[in-house]
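Chemist: Provided herewith: final-v4.pdb, PDB, C-alpha atoms.
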```pdb
ATOM      1  CA  MET T   1      39.142  18.303  -7.688
ATOM      2  CA  HIS T   2      40.360  21.849  -8.316
ATOM      3  CA  ARG T   3      42.919  21.583  -5.555
ATOM      4  CA  PHE T   4      44.651  18.690  -7.346
ATOM      5  CA  ALA T   5      44.835  20.666 -10.566
ATOM      6  CA  ASN T   6      47.855  22.550  -9.241
ATOM      7  CA  PRO T   7      50.983  20.813 -10.619
ATOM      8  CA  ASN T   8      52.885  21.076  -7.330
ATOM      9  CA  GLN T   9      49.918  19.680  -5.408
ATOM     10  CA  PHE T  10      49.725  16.845  -7.949
ATOM     11  CA  LEU T  11      53.411  16.043  -7.442
ATOM     12  CA  ARG T  12      53.025  16.084  -3.650
ATOM     13  CA  ILE T  13      50.354  13.390  -3.912
ATOM     14  CA  ALA T  14      51.649  11.406  -6.890
ATOM     15  CA  ASN T  15      55.329  11.114  -5.962
ATOM     16  CA  PRO T  16      54.831   9.146  -2.709
ATOM     17  CA  LEU T  17      52.380   6.853  -4.558
ATOM     18  CA  LEU T  18      54.855   6.047  -7.325
ATOM     19  CA  PRO T  19      56.850   3.256  -5.561
ATOM     20  CA  TRP T  20      53.602   1.642  -4.365
ATOM     21  CA  VAL T  21      51.997   1.425  -7.806
ATOM     22  CA  GLY T  22      55.353   0.336  -9.226
ATOM     23  CA  TRP T  23      55.581  -2.598  -6.827
ATOM     24  CA  LEU T  24      51.889  -3.418  -7.257
ATOM     25  CA  ALA T  25      52.446  -3.611 -11.021
ATOM     26  CA  ALA T  26      55.521  -5.844 -10.679
ATOM     27  CA  LEU T  27      53.867  -8.232  -8.198
ATOM     28  CA  CYS T  28      50.549  -8.527 -10.051
ATOM     29  CA  ILE T  29      52.186  -9.051 -13.436
ATOM     30  CA  ALA T  30      54.585 -11.662 -11.976
ATOM     31  CA  ALA T  31      51.729 -13.527 -10.268
ATOM     32  CA  GLY T  32      49.501 -13.194 -13.341
ATOM     33  CA  LEU T  33      52.240 -14.554 -15.624
ATOM     34  CA  TYR T  34      52.889 -17.480 -13.281
ATOM     35  CA  LEU T  35      49.207 -18.415 -13.021
ATOM     36  CA  GLY T  36      48.557 -17.758 -16.701
ATOM     37  CA  LEU T  37      51.509 -19.718 -18.071
ATOM     38  CA  PHE T  38      51.827 -22.559 -15.526
ATOM     39  CA  GLU T  39      48.623 -23.020 -13.537
ATOM     40  CA  ALA T  40      45.761 -22.126 -15.884
ATOM     41  CA  PRO T  41      44.494 -25.006 -18.053
ATOM     42  CA  PRO T  42      44.445 -24.914 -21.857
ATOM     43  CA  ASP T  43      41.074 -23.957 -23.313
ATOM     44  CA  TYR T  44      38.847 -26.845 -24.439
ATOM     45  CA  GLN T  45      38.395 -25.243 -27.867
ATOM     46  CA  GLN T  46      41.431 -23.032 -28.344
ATOM     47  CA  GLY T  47      44.061 -25.188 -26.625
ATOM     48  CA  GLU T  48      47.216 -23.433 -25.461
ATOM     49  CA  THR T  49      46.620 -20.352 -27.634
ATOM     50  CA  VAL T  50      44.221 -19.101 -24.972
ATOM     51  CA  ARG T  51      47.335 -18.045 -23.015
ATOM     52  CA  ILE T  52      47.663 -15.118 -25.428
ATOM     53  CA  MET T  53      44.507 -13.818 -23.726
ATOM     54  CA  TYR T  54      46.489 -12.945 -20.581
ATOM     55  CA  VAL T  55      48.331 -10.174 -22.450
ATOM     56  CA  HIS T  56      45.804  -9.438 -25.201
ATOM     57  CA  VAL T  57      42.757  -8.673 -23.050
ATOM     58  CA  PRO T  58      44.577  -6.530 -20.421
ATOM     59  CA  ALA T  59      46.289  -4.597 -23.248
ATOM     60  CA  ALA T  60      42.911  -4.030 -24.967
ATOM     61  CA  TRP T  61      41.379  -2.860 -21.681
ATOM     62  CA  MET T  62      44.294  -0.474 -21.127
ATOM     63  CA  ALA T  63      44.037   0.844 -24.702
ATOM     64  CA  LEU T  64      40.487   1.961 -23.865
ATOM     65  CA  PHE T  65      41.298   3.075 -20.298
ATOM     66  CA  CYS T  66      44.227   5.286 -21.395
ATOM     67  CA  TYR T  67      42.017   6.919 -24.014
ATOM     68  CA  ALA T  68      39.210   7.517 -21.499
ATOM     69  CA  THR T  69      41.746   9.126 -19.117
ATOM     70  CA  MET T  70      43.049  11.248 -21.971
ATOM     71  CA  ALA T  71      39.543  12.397 -22.988
ATOM     72  CA  ILE T  72      38.484  13.211 -19.396
ATOM     73  CA  ALA T  73      41.738  15.071 -18.659
ATOM     74  CA  SER T  74      41.353  16.997 -21.934
ATOM     75  CA  ALA T  75      37.747  17.912 -21.100
ATOM     76  CA  MET T  76      38.776  19.173 -17.667
ATOM     77  CA  ALA T  77      41.593  21.198 -19.175
ATOM     78  CA  LEU T  78      39.278  22.757 -21.780
ATOM     79  CA  ILE T  79      36.342  23.443 -19.457
ATOM     80  CA  TRP T  80      38.088  24.597 -16.269
ATOM     81  CA  ARG T  81      41.325  25.759 -17.919
ATOM     82  CA  HIS T  82      43.482  23.490 -15.800
ATOM     83  CA  PRO T  83      46.769  23.183 -17.706
ATOM     84  CA  LEU T  84      47.581  20.054 -15.683
ATOM     85  CA  GLY T  85      44.798  18.273 -17.611
ATOM     86  CA  PHE T  86      46.647  18.920 -20.882
ATOM     87  CA  LEU T  87      49.836  17.512 -19.372
ATOM     88  CA  ILE T  88      48.127  14.359 -18.046
ATOM     89  CA  ALA T  89      46.409  13.796 -21.407
ATOM     90  CA  LYS T  90      49.702  14.204 -23.265
ATOM     91  CA  ALA T  91      51.439  11.845 -20.815
ATOM     92  CA  SER T  92      48.681   9.274 -21.292
ATOM     93  CA  ALA T  93      48.679   9.205 -25.103
ATOM     94  CA  PRO T  94      51.956   7.349 -25.839
ATOM     95  CA  ILE T  95      51.166   4.753 -23.159
ATOM     96  CA  GLY T  96      47.768   4.135 -24.723
ATOM     97  CA  ALA T  97      49.317   3.909 -28.174
ATOM     98  CA  CYS T  98      51.762   1.254 -26.901
ATOM     99  CA  PHE T  99      48.946  -0.809 -25.357
ATOM    100  CA  THR T 100      46.960  -0.533 -28.607
ATOM    101  CA  VAL T 101      49.926  -1.856 -30.609
ATOM    102  CA  ILE T 102      50.274  -4.746 -28.124
ATOM    103  CA  CYS T 103      46.537  -5.445 -28.434
ATOM    104  CA  LEU T 104      46.679  -5.492 -32.244
ATOM    105  CA  ALA T 105      49.899  -7.546 -32.449
ATOM    106  CA  THR T 106      48.847 -10.191 -29.912
ATOM    107  CA  GLY T 107      45.362 -10.309 -31.444
ATOM    108  CA  SER T 108      46.907 -10.975 -34.824
ATOM    109  CA  LEU T 109      49.114 -13.729 -33.359
ATOM    110  CA  TRP T 110      46.020 -15.236 -31.755
ATOM    111  CA  GLY T 111      43.864 -14.850 -34.879
ATOM    112  CA  LYS T 112      46.209 -16.704 -37.222
ATOM    113  CA  PRO T 113      45.997 -20.134 -35.510
ATOM    114  CA  MET T 114      42.357 -19.764 -34.378
ATOM    115  CA  TRP T 115      40.630 -17.953 -37.262
ATOM    116  CA  GLY T 116      43.155 -18.775 -39.975
ATOM    117  CA  THR T 117      43.916 -15.118 -40.661
ATOM    118  CA  TRP T 118      46.252 -12.453 -39.255
ATOM    119  CA  TRP T 119      43.768  -9.679 -39.924
ATOM    120  CA  GLU T 120      40.140  -9.190 -40.881
ATOM    121  CA  TRP T 121      38.560  -5.828 -41.674
ATOM    122  CA  ASP T 122      35.645  -6.362 -39.325
ATOM    123  CA  ALA T 123      34.129  -3.999 -36.772
ATOM    124  CA  ARG T 124      36.256  -4.865 -33.709
ATOM    125  CA  MET T 125      39.625  -4.879 -35.423
ATOM    126  CA  THR T 126      38.955  -1.842 -37.590
ATOM    127  CA  SER T 127      37.670   0.236 -34.641
ATOM    128  CA  VAL T 128      40.778  -0.650 -32.583
ATOM    129  CA  LEU T 129      42.985   0.325 -35.528
ATOM    130  CA  ILE T 130      41.133   3.678 -35.635
ATOM    131  CA  LEU T 131      41.862   4.040 -31.892
ATOM    132  CA  PHE T 132      45.578   3.682 -32.703
ATOM    133  CA  PHE T 133      45.325   6.384 -35.387
ATOM    134  CA  LEU T 134      43.531   8.658 -32.904
ATOM    135  CA  TYR T 135      46.466   8.299 -30.494
ATOM    136  CA  VAL T 136      48.949   9.006 -33.289
ATOM    137  CA  GLY T 137      46.878  11.973 -34.511
ATOM    138  CA  TYR T 138      46.700  13.388 -30.984
ATOM    139  CA  LEU T 139      50.468  13.087 -30.528
ATOM    140  CA  ALA T 140      51.145  14.701 -33.913
ATOM    141  CA  LEU T 141      48.712  17.568 -33.255
ATOM    142  CA  VAL T 142      49.789  18.376 -29.687
ATOM    143  CA  ASP T 143      53.298  19.325 -30.839
ATOM    144  CA  ALA T 144      52.329  20.761 -34.236
ATOM    145  CA  PHE T 145      52.049  24.427 -33.167
ATOM    146  CA  ASP T 146      54.740  26.870 -32.068
ATOM    147  CA  ASP T 147      52.231  28.130 -29.524
ATOM    148  CA  THR T 148      51.976  25.233 -27.036
ATOM    149  CA  THR T 149      48.491  26.190 -25.835
ATOM    150  CA  ARG T 150      47.036  26.113 -29.349
ATOM    151  CA  GLY T 151      48.444  22.622 -29.932
ATOM    152  CA  GLN T 152      47.092  21.449 -26.592
ATOM    153  CA  ARG T 153      43.615  22.816 -27.332
ATOM    154  CA  ALA T 154      43.458  21.378 -30.861
ATOM    155  CA  ALA T 155      44.670  17.953 -29.684
ATOM    156  CA  SER T 156      42.213  17.981 -26.771
ATOM    157  CA  ILE T 157      39.294  18.590 -29.133
ATOM    158  CA  LEU T 158      40.477  15.650 -31.252
ATOM    159  CA  ALA T 159      40.665  13.507 -28.085
ATOM    160  CA  LEU T 160      37.083  14.435 -27.155
ATOM    161  CA  VAL T 161      35.646  13.838 -30.623
ATOM    162  CA  GLY T 162      37.498  10.514 -30.831
ATOM    163  CA  ALA T 163      35.943   9.339 -27.545
ATOM    164  CA  VAL T 164      32.865   8.329 -29.570
ATOM    165  CA  ASN T 165      35.016   5.404 -30.753
ATOM    166  CA  LEU T 166      35.190   3.878 -27.243
ATOM    167  CA  PRO T 167      31.595   2.552 -27.043
ATOM    168  CA  ILE T 168      31.884   1.504 -30.684
ATOM    169  CA  ILE T 169      34.877  -0.691 -29.790
ATOM    170  CA  LYS T 170      33.219  -2.108 -26.678
ATOM    171  CA  PHE T 171      29.918  -3.036 -28.372
ATOM    172  CA  SER T 172      31.276  -3.785 -31.850
ATOM    173  CA  VAL T 173      31.170  -7.527 -31.087
ATOM    174  CA  GLU T 174      27.437  -7.283 -30.375
ATOM    175  CA  TRP T 175      26.321  -4.762 -33.012
ATOM    176  CA  TRP T 176      28.007  -6.369 -36.016
ATOM    177  CA  HIS T 177      28.922  -9.832 -37.213
ATOM    178  CA  THR T 178      32.528 -10.404 -36.354
ATOM    179  CA  LEU T 179      35.119 -13.124 -35.947
ATOM    180  CA  HIS T 180      35.922 -11.728 -32.529
ATOM    181  CA  GLN T 181      34.409 -13.541 -29.563
ATOM    182  CA  PRO T 182      31.937 -11.601 -27.360
ATOM    183  CA  ALA T 183      32.746 -10.316 -23.872
ATOM    184  CA  SER T 184      33.255 -13.007 -21.226
ATOM    185  CA  VAL T 185      34.293 -10.942 -18.184
ATOM    186  CA  VAL T 186      32.351  -7.651 -18.116
ATOM    187  CA  ARG T 187      28.796  -8.889 -18.699
ATOM    188  CA  LEU T 188      25.467  -8.040 -17.087
ATOM    189  CA  ASP T 189      24.944 -11.694 -16.114
ATOM    190  CA  GLY T 190      28.425 -12.094 -14.607
ATOM    191  CA  PRO T 191      31.621 -13.574 -16.076
ATOM    192  CA  THR T 192      31.298 -16.697 -18.200
ATOM    193  CA  ILE T 193      34.993 -17.525 -17.853
ATOM    194  CA  HIS T 194      36.185 -20.163 -15.375
ATOM    195  CA  SER T 195      37.941 -18.903 -12.232
ATOM    196  CA  SER T 196      41.214 -20.719 -13.124
ATOM    197  CA  MET T 197      41.429 -18.412 -16.148
ATOM    198  CA  LEU T 198      39.714 -15.398 -14.574
ATOM    199  CA  TRP T 199      42.286 -15.007 -11.774
ATOM    200  CA  PRO T 200      45.406 -14.684 -13.928
ATOM    201  CA  LEU T 201      43.433 -12.384 -16.234
ATOM    202  CA  LEU T 202      42.325 -10.115 -13.368
ATOM    203  CA  LEU T 203      45.857 -10.044 -11.918
ATOM    204  CA  MET T 204      47.267  -9.019 -15.290
ATOM    205  CA  ILE T 205      44.586  -6.327 -15.645
ATOM    206  CA  VAL T 206      45.389  -4.902 -12.183
ATOM    207  CA  GLY T 207      49.117  -5.182 -12.972
ATOM    208  CA  PHE T 208      48.779  -3.391 -16.313
ATOM    209  CA  THR T 209      46.620  -0.670 -14.714
ATOM    210  CA  ALA T 210      49.224  -0.115 -11.956
ATOM    211  CA  PHE T 211      51.984  -0.108 -14.604
ATOM    212  CA  TYR T 212      50.020   2.529 -16.528
ATOM    213  CA  LEU T 213      49.582   4.695 -13.406
ATOM    214  CA  ALA T 214      53.308   4.447 -12.594
ATOM    215  CA  ILE T 215      54.328   5.463 -16.128
ATOM    216  CA  LEU T 216      51.632   8.166 -16.132
ATOM    217  CA  VAL T 217      53.164   9.743 -13.001
ATOM    218  CA  VAL T 218      56.677   9.552 -14.484
ATOM    219  CA  ARG T 219      55.558  11.080 -17.789
ATOM    220  CA  THR T 220      53.383  13.781 -16.149
ATOM    221  CA  ARG T 221      56.336  14.776 -13.941
ATOM    222  CA  SER T 222      58.421  14.976 -17.089
ATOM    223  CA  GLU T 223      55.761  17.145 -18.805
ATOM    224  CA  ILE T 224      55.549  19.450 -15.757
ATOM    225  CA  ALA T 225      59.334  19.889 -15.852
ATOM    226  CA  ALA T 226      59.175  20.548 -19.617
ATOM    227  CA  ALA T 227      56.475  23.203 -19.076
ATOM    228  CA  LYS T 228      58.614  24.918 -16.415
ATOM    229  CA  ILE T 229      61.602  24.826 -18.802
ATOM    230  CA  ARG T 230      59.454  26.503 -21.507
ATOM    231  CA  ASN T 231      58.393  29.214 -19.062
ATOM    232  CA  ILE T 232      61.966  29.965 -17.989
ATOM    233  CA  ARG T 233      63.146  30.141 -21.618
ATOM    234  CA  LEU T 234      60.232  32.415 -22.564
ATOM    235  CA  GLY T 235      61.158  34.656 -19.639
ATOM    236  CA  GLN T 236      64.768  34.780 -20.861
ATOM    237  CA  VAL T 237      63.687  35.776 -24.387
ATOM    238  CA  HIS T 238      61.489  38.592 -23.130
ATOM    239  CA  SER T 239      63.892  40.029 -20.562
TER     240      SER T 239
ATOM    241  CA  MET Q 240      63.541 -32.228 -19.114
ATOM    242  CA  ASP Q 241      60.705 -33.407 -21.292
ATOM    243  CA  SER Q 242      58.200 -31.297 -19.411
ATOM    244  CA  VAL Q 243      60.351 -28.198 -19.937
ATOM    245  CA  ALA Q 244      60.442 -28.838 -23.693
ATOM    246  CA  GLU Q 245      56.736 -29.548 -23.582
ATOM    247  CA  PHE Q 246      56.113 -26.261 -21.797
ATOM    248  CA  PHE Q 247      58.039 -24.275 -24.404
ATOM    249  CA  ALA Q 248      56.323 -26.141 -27.252
ATOM    250  CA  MET Q 249      52.903 -24.919 -25.975
ATOM    251  CA  GLY Q 250      51.040 -27.739 -27.706
ATOM    252  CA  GLY Q 251      52.520 -26.713 -31.058
ATOM    253  CA  TYR Q 252      51.437 -23.084 -30.718
ATOM    254  CA  ALA Q 253      54.862 -21.811 -29.571
ATOM    255  CA  PRO Q 254      55.370 -19.677 -32.750
ATOM    256  CA  TYR Q 255      52.266 -17.665 -31.818
ATOM    257  CA  ILE Q 256      52.335 -17.594 -28.015
ATOM    258  CA  TRP Q 257      55.972 -16.656 -27.312
ATOM    259  CA  PRO Q 258      56.162 -13.812 -29.856
ATOM    260  CA  ALA Q 259      52.962 -12.398 -28.318
ATOM    261  CA  TYR Q 260      54.612 -12.320 -24.879
ATOM    262  CA  LEU Q 261      57.981 -11.091 -26.205
ATOM    263  CA  ILE Q 262      56.451  -8.242 -28.242
ATOM    264  CA  SER Q 263      54.389  -7.137 -25.217
ATOM    265  CA  ALA Q 264      57.377  -7.252 -22.852
ATOM    266  CA  GLY Q 265      59.617  -5.496 -25.383
ATOM    267  CA  ILE Q 266      57.177  -2.629 -25.936
ATOM    268  CA  LEU Q 267      56.420  -2.134 -22.220
ATOM    269  CA  VAL Q 268      60.090  -2.242 -21.130
ATOM    270  CA  THR Q 269      61.047   0.215 -23.912
ATOM    271  CA  LEU Q 270      58.212   2.547 -22.863
ATOM    272  CA  LEU Q 271      59.363   2.394 -19.233
ATOM    273  CA  GLY Q 272      62.996   3.082 -20.179
ATOM    274  CA  LEU Q 273      62.180   6.002 -22.508
ATOM    275  CA  SER Q 274      59.801   7.557 -19.954
ATOM    276  CA  ILE Q 275      62.440   7.463 -17.197
ATOM    277  CA  ARG Q 276      65.108   8.800 -19.576
ATOM    278  CA  ASP Q 277      62.887  11.754 -20.594
ATOM    279  CA  LEU Q 278      62.075  12.536 -16.967
ATOM    280  CA  ASN Q 279      65.744  12.573 -15.933
ATOM    281  CA  ARG Q 280      66.686  14.709 -18.925
ATOM    282  CA  ASN Q 281      63.935  17.277 -18.307
ATOM    283  CA  GLU Q 282      64.537  17.496 -14.560
ATOM    284  CA  ASN Q 283      68.299  17.937 -15.102
ATOM    285  CA  THR Q 284      67.728  20.687 -17.687
ATOM    286  CA  LEU Q 285      65.317  22.414 -15.310
ATOM    287  CA  LYS Q 286      67.821  22.231 -12.465
ATOM    288  CA  LYS Q 287      70.561  23.691 -14.693
ATOM    289  CA  LEU Q 288      68.336  26.519 -15.955
ATOM    290  CA  ARG Q 289      67.303  27.393 -12.411
ATOM    291  CA  ALA Q 290      70.914  27.390 -11.243
ATOM    292  CA  GLU Q 291      71.846  29.689 -14.178
ATOM    293  CA  ARG Q 292      68.986  32.034 -13.415
ATOM    294  CA  HIS Q 293      69.947  32.078  -9.775
ATOM    295  CA  GLY Q 294      73.564  32.799 -10.743
ATOM    296  CA  SER Q 295      72.649  35.674 -13.074
ATOM    297  CA  ALA Q 296      70.339  37.122 -10.431
ATOM    298  CA  ILE Q 297      73.291  37.258  -8.035
ATOM    299  CA  GLU Q 298      75.502  38.897 -10.703
ATOM    300  CA  GLU Q 299      72.861  41.540 -11.347
ATOM    301  CA  ALA Q 300      72.580  42.232  -7.646
ATOM    302  CA  ASP Q 301      76.387  42.572  -7.389
ATOM    303  CA  SER Q 302      76.748  45.045 -10.254
TER     304      SER Q 302
END
```
Output the structure of this file as structure tokens.
Modeler:
Amino acid sequence: MHRFANPNQFLRIANPLLPWVGWLAALCIAAGLYLGLFEAPPDYQQGETVRIMYVHVPAAWMALFCYATMAIASAMALIWRHPLGFLIAKASAPIGACFTVICLATGSLWGKPMWGTWWEWDARMTSVLILFFLYVGYLALVDAFDDTTRGQRAASILALVGAVNLPIIKFSVEWWHTLHQPASVVRLDGPTIHSSMLWPLLLMIVGFTAFYLAILVVRTRSEIAAAKIRNIRLGQVHS
Amino acid sequence: MDSVAEFFAMGGYAPYIWPAYLISAGILVTLLGLSIRDLNRNENTLKKLRAERHGSAIEEADS
């Protein structure tokens, strides 16, 4: 693991992977959209609105996945002092924030026709809204100091403390009464969703994950370049 | 033609389903565009700074 913490080593591995994850994302999302919009049947209770699931659920999964990546990268940066971890966490945050907004917006558009309300202050929705504020707080904090390292450390601690929200989101539909339906894919007793709906959903999840990885590489490269620019400018000031 | 209209009507739920897809696509495409723009800008700045530094190093060596 320590070998990959070197930015140049990271770029040597990540750059050749970039076109592959890019194409994987495009193909999976295209196939998932086709199956989800044309082939999958309407739900017997929710009718056609169930098609919102094919963007809502993958976006929700990514909102959690991006945060988990951010928290793990932050922990590695704090514990082993790998600056690359800070850069990966910072690259991950805006992507996660975007997926969280998609999750909330599509959930709202799904909730109105099915529950009769755009929004309900219950456990699932409130905890996802808190996740969005954690992303925003992280992004505000990471750039709030003149000394980059201090901002990175403060934001990383926020990311770690906020990770307690992840299991709360996942199990909120079981711990509290909520309008939100319980899990139907990741369950101990196997998925309860029919394969005609499971396939487009899985393709969209793989597609969104590949899309995230592609953007993560692009943004981390950008952060590495920005860090090198800072170093050169600091050198110019001191010389 | 009817089936096309039927498809876009989404059983009467078109006002909820299509905005959900459009918002998602809009956000993801914007994120992709901004990320690529930032990368190009940073890598160009870095290249310029390195070229400048290289240039001034040669000047110093000459003088």
Chemist: Using only C-alpha atoms, I'd like a table of the residues in chain T that come within 10 Å of chain Q; for each, show the closest atom pair and its distance in Å rounded to one decimal, ordered by chain and ascending number, as JSON lines.
Modeler:
```
{"residue": "T:Leu33", "atom": "CA", "partner": "Q:Tyr260", "partner_atom": "CA", "distance": 9.8}
{"residue": "T:Leu37", "atom": "CA", "partner": "Q:Phe246", "partner_atom": "CA", "distance": 8.8}
{"residue": "T:Phe38", "atom": "CA", "partner": "Q:Phe246", "partner_atom": "CA", "distance": 8.4}
{"residue": "T:Pro42", "atom": "CA", "partner": "Q:Gly250", "partner_atom": "CA", "distance": 9.3}
{"residue": "T:Gly47", "atom": "CA", "partner": "Q:Gly250", "partner_atom": "CA", "distance": 7.5}
{"residue": "T:Glu48", "atom": "CA", "partner": "Q:Met249", "partner_atom": "CA", "distance": 5.9}
{"residue": "T:Thr49", "atom": "CA", "partner": "Q:Tyr252", "partner_atom": "CA", "distance": 6.3}
{"residue": "T:Val50", "atom": "CA", "partner": "Q:Ile256", "partner_atom": "CA", "distance": 8.8}
{"residue": "T:Arg51", "atom": "CA", "partner": "Q:Ile256", "partner_atom": "CA", "distance": 7.1}
{"residue": "T:Ile52", "atom": "CA", "partner": "Q:Ile256", "partner_atom": "CA", "distance": 5.9}
{"residue": "T:Met53", "atom": "CA", "partner": "Q:Ile256", "partner_atom": "CA", "distance": 9.7}
{"residue": "T:Tyr54", "atom": "CA", "partner": "Q:Tyr260", "partner_atom": "CA", "distance": 9.2}
{"residue": "T:Val55", "atom": "CA", "partner": "Q:Tyr260", "partner_atom": "CA", "distance": 7.1}
{"residue": "T:His56", "atom": "CA", "partner": "Q:Ala259", "partner_atom": "CA", "distance": 8.3}
{"residue": "T:Ala59", "atom": "CA", "partner": "Q:Ser263", "partner_atom": "CA", "distance": 8.7}
{"residue": "T:Ala91", "atom": "CA", "partner": "Q:Ser274", "partner_atom": "CA", "distance": 9.4}
{"residue": "T:Pro94", "atom": "CA", "partner": "Q:Leu270", "partner_atom": "CA", "distance": 8.4}
{"residue": "T:Ile95", "atom": "CA", "partner": "Q:Leu270", "partner_atom": "CA", "distance": 7.4}
{"residue": "T:Cys98", "atom": "CA", "partner": "Q:Ile266", "partner_atom": "CA", "distance": 6.7}
{"residue": "T:Phe99", "atom": "CA", "partner": "Q:Leu267", "partner_atom": "CA", "distance": 8.2}
{"residue": "T:Val101", "atom": "CA", "partner": "Q:Ile266", "partner_atom": "CA", "distance": 8.7}
{"residue": "T:Ile102", "atom": "CA", "partner": "Q:Ser263", "partner_atom": "CA", "distance": 5.6}
{"residue": "T:Cys103", "atom": "CA", "partner": "Q:Ser263", "partner_atom": "CA", "distance": 8.7}
{"residue": "T:Ala105", "atom": "CA", "partner": "Q:Ala259", "partner_atom": "CA", "distance": 7.1}
{"residue": "T:Thr106", "atom": "CA", "partner": "Q:Ala259", "partner_atom": "CA", "distance": 4.9}
{"residue": "T:Gly107", "atom": "CA", "partner": "Q:Ala259", "partner_atom": "CA", "distance": 8.5}
{"residue": "T:Ser108", "atom": "CA", "partner": "Q:Ala259", "partner_atom": "CA", "distance": 9.0}
{"residue": "T:Leu109", "atom": "CA", "partner": "Q:Tyr255", "partner_atom": "CA", "distance": 5.3}
{"residue": "T:Trp110", "atom": "CA", "partner": "Q:Tyr255", "partner_atom": "CA", "distance": 6.7}
{"residue": "T:Gly111", "atom": "CA", "partner": "Q:Tyr255", "partner_atom": "CA", "distance": 9.4}
{"residue": "T:Lys112", "atom": "CA", "partner": "Q:Tyr255", "partner_atom": "CA", "distance": 8.2}
{"residue": "T:Pro113", "atom": "CA", "partner": "Q:Tyr255", "partner_atom": "CA", "distance": 7.7}
{"residue": "T:Phe208", "atom": "CA", "partner": "Q:Leu267", "partner_atom": "CA", "distance": 9.7}
{"residue": "T:Phe211", "atom": "CA", "partner": "Q:Leu267", "partner_atom": "CA", "distance": 9.0}
{"residue": "T:Tyr212", "atom": "CA", "partner": "Q:Leu271", "partner_atom": "CA", "distance": 9.7}
{"residue": "T:Ala214", "atom": "CA", "partner": "Q:Leu271", "partner_atom": "CA", "distance": 9.2}
{"residue": "T:Ile215", "atom": "CA", "partner": "Q:Leu271", "partner_atom": "CA", "distance": 6.7}
{"residue": "T:Leu216", "atom": "CA", "partner": "Q:Ser274", "partner_atom": "CA", "distance": 9.0}
{"residue": "T:Val217", "atom": "CA", "partner": "Q:Ser274", "partner_atom": "CA", "distance": 9.9}
{"residue": "T:Val218", "atom": "CA", "partner": "Q:Ser274", "partner_atom": "CA", "distance": 6.6}
{"residue": "T:Arg219", "atom": "CA", "partner": "Q:Ser274", "partner_atom": "CA", "distance": 5.9}
{"residue": "T:Thr220", "atom": "CA", "partner": "Q:Leu278", "partner_atom": "CA", "distance": 8.8}
{"residue": "T:Arg221", "atom": "CA", "partner": "Q:Leu278", "partner_atom": "CA", "distance": 6.9}
{"residue": "T:Ser222", "atom": "CA", "partner": "Q:Leu278", "partner_atom": "CA", "distance": 4.4}
{"residue": "T:Glu223", "atom": "CA", "partner": "Q:Leu278", "partner_atom": "CA", "distance": 8.0}
{"residue": "T:Ile224", "atom": "CA", "partner": "Q:Asn281", "partner_atom": "CA", "distance": 9.0}
{"residue": "T:Ala225", "atom": "CA", "partner": "Q:Asn281", "partner_atom": "CA", "distance": 5.8}
{"residue": "T:Ala226", "atom": "CA", "partner": "Q:Asn281", "partner_atom": "CA", "distance": 5.9}
{"residue": "T:Ala227", "atom": "CA", "partner": "Q:Asn281", "partner_atom": "CA", "distance": 9.6}
{"residue": "T:Lys228", "atom": "CA", "partner": "Q:Leu285", "partner_atom": "CA", "distance": 7.2}
{"residue": "T:Ile229", "atom": "CA", "partner": "Q:Leu285", "partner_atom": "CA", "distance": 5.6}
{"residue": "T:Arg230", "atom": "CA", "partner": "Q:Leu285", "partner_atom": "CA", "distance": 9.5}
{"residue": "T:Ile232", "atom": "CA", "partner": "Q:Leu288", "partner_atom": "CA", "distance": 7.5}
{"residue": "T:Arg233", "atom": "CA", "partner": "Q:Leu288", "partner_atom": "CA", "distance": 8.5}
{"residue": "T:Gln236", "atom": "CA", "partner": "Q:Arg292", "partner_atom": "CA", "distance": 9.0}
```
Chemist: Using all atoms listed in the file, which of the listed residues (T:Ala159, T:Leu24, T:Pro191, T:Leu35) sits closest to Ala73 of chain T?
Modeler: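 Of all the options, T:Ala159 lies closest to Ala73 of chain T.
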Chemist: What is the distance between atom CA of Asn15 of chain T and atom CA of Thr148 of chain T, in Å to one decimal?
Modeler: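 Computing it gives 25.6 Å between the two atoms.
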Chemist: Enumerate, as a list in words, the residues matched when the PyMOL selection byres ((chain T and resi 153) around 10) is run on the file above.
Modeler: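 Selection result, ordered by chain and number: Ser74, Ala75, Ala77, Leu78, Phe86, Leu141, Val142, Thr148, Thr149, Arg150, Gly151, Gln152, Ala154, Ala155, Ser156, Ile157, Leu158 and Ala159 of chain T.
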Chemist: Go ahead and write the selection's residues with C-alpha atoms as an mmCIF file, in the frame of the given file.
Modeler:
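See result_17.cif below for the written result:
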```cif
data_model
loop_
_atom_site.group_PDB
_atom_site.id
_atom_site.type_symbol
_atom_site.label_atom_id
_atom_site.label_comp_id
_atom_site.auth_asym_id
_atom_site.auth_seq_id
_atom_site.Cartn_x
_atom_site.Cartn_y
_atom_site.Cartn_z
ATOM 1 C CA SER T 74 41.353 16.997 -21.934
ATOM 2 C CA ALA T 75 37.747 17.912 -21.100
ATOM 3 C CA ALA T 77 41.593 21.198 -19.175
ATOM 4 C CA LEU T 78 39.278 22.757 -21.780
ATOM 5 C CA PHE T 86 46.647 18.920 -20.882
ATOM 6 C CA LEU T 141 48.712 17.568 -33.255
ATOM 7 C CA VAL T 142 49.789 18.376 -29.687
ATOM 8 C CA THR T 148 51.976 25.233 -27.036
ATOM 9 C CA THR T 149 48.491 26.190 -25.835
ATOM 10 C CA ARG T 150 47.036 26.113 -29.349
ATOM 11 C CA GLY T 151 48.444 22.622 -29.932
ATOM 12 C CA GLN T 152 47.092 21.449 -26.592
ATOM 13 C CA ALA T 154 43.458 21.378 -30.861
ATOM 14 C CA ALA T 155 44.670 17.953 -29.684
ATOM 15 C CA SER T 156 42.213 17.981 -26.771
ATOM 16 C CA ILE T 157 39.294 18.590 -29.133
ATOM 17 C CA LEU T 158 40.477 15.650 -31.252
ATOM 18 C CA ALA T 159 40.665 13.507 -28.085
#
```
